[in-house]
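Heads up, the thing below is written out as structure tokens.
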Amino acid sequence: MHVNSDDRVRRFGCAAGVAAVALLLLQLPEARAADPLGLYVGGAFGQARVDASLPNAGQFREDHSAFKIMAGLRPDPVLGAELEYVDFGHPGRFNGIGGSDVSMKGAAAFGMFYFPVPLVDVYAKGGLTRLQSTANVNPCPMCANPVAPPPPRRTTNTSWAAGAGAQFRLGSVAVRGEYERFNAAGGAPYLLSVGASWTF
């Protein structure tokens with residue numbers, strides 16, 4: 001049976017997230033006895049590529065500003081877990097005759113693996129995301145006899161997500177930059193962001 005590259009990436013992302021969370025839970029009692037959980041909260045702002053299928057079978061790809069908020073724990077120097085809510089914004093485009101727009105937002109859960117690198121934290125993350133998207137098409141709003149637009153394409157996808165990044169910590173504050181890739185709405189949206197977190 002042939003397995004395409006998207007299926008392999010999806011399986012890798014899911015497996016990485018499940019494995020990291022499982023290892024984290026196995027080590028949690030010992031970590032709690034030695035050190036605090038390392039709970040943190042934070043936020044980030046960046047540039048997203050919104051990629052989705054349109055109601056007219058076309059494809060929408062536009063860049064837009066985006067943000068996210070996150071909460072996580074790191075009881076071990078190597079392993080952690082993170083939850084986030086991400087909003088890709090609501091980009092639109094006009095081609096001279098008609099227009100289209102897409103909104104996309106949702107939540108994700110990641111297992112985190114931190115590489116033993118000095119001075120900065122370099123990490124990879126994998127897990128699952130649940131994104132909601134709405135895609136609209138307006139064929140010709142300025143035409144004398146406008147064409148009725150197709151109904152919006154609303155989708156909710158639960159699928160893989162993966163990413164990588166680096167952060168610099170100064171006491172309880174950390175500044176990070178990261179790249180995340182998702183699978184949703186008939187496309188592969190991604191987010192490049194810079195953010196900060198605070199550890200309790």
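In the structure tokens, each chain is lettered A, B, ... as it comes, each chain's residues begin at 1, and ligands are numbered from 1 in order of appearance.
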Test item, strand (DSSP E or B) assignment across range 81-155 of chain A, answer as a ChimeraX atom specification: /A:81-87,92-94,99-115,121-138,153-155
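Residues within 12 Å of range 93-98 of chain A, counting only C-alpha atoms and excluding same-chain residues fewer than 2 positions away, are Val50, Gln59, Phe60, Arg61, Glu62, Asp63, His64, His90, Pro91, Ser100, Asp101, Val102, Ala135, Asn136, Val137, Asn138, Pro139, Cys140, Pro141, Met142, Cys143, Ala144, Pro146, Val147, Ala148 and Pro149 of chain A.
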Nearest residue to Tyr85 in chain A from the set A:Gly106, A:Gly186, A:Pro152, A:Gly111 (distances using only C-alpha atoms):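 Ranked by minimum distance to Tyr85 in chain A, first place goes to A:Gly106.
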Among the residues A:Gly92, A:Gly58, A:Gly187, A:Gly72, the one that comes closest to Thr199 in chain A [using only C-alpha atoms]: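 Under the stated criterion, the closest residue is A:Gly72.
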Coordinates-based distance that separates CA of Val86 in chain A from CA of Ala174 in chain A (Å, one decimal): 19.2 Å
7 Å contact set for Ala162 in chain A, only C-alpha atoms, chain neighbours under 3 positions out, as a list in words: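 Here the answer would be Gly13, Lys125, Gly126, Gly127, Glu180, Arg181 and Phe182 of chain A.
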Generate the output file for the selected residues, C-alpha atoms, as a compact mmCIF listing (two decimals), in the first residue's frame.
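And here is the file that came out, out_15.txt:
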```txt
# COMPACT_ATOMS: atom_id res chain seq x y z
CA GLY A 13 3.61 14.68 14.20
CA LYS A 125 7.32 20.24 19.20
CA GLY A 126 4.68 17.89 17.85
CA GLY A 127 1.05 17.19 18.60
CA GLU A 180 4.75 26.08 13.45
CA ARG A 181 3.02 24.13 10.69
CA PHE A 182 -0.59 22.93 10.73
```
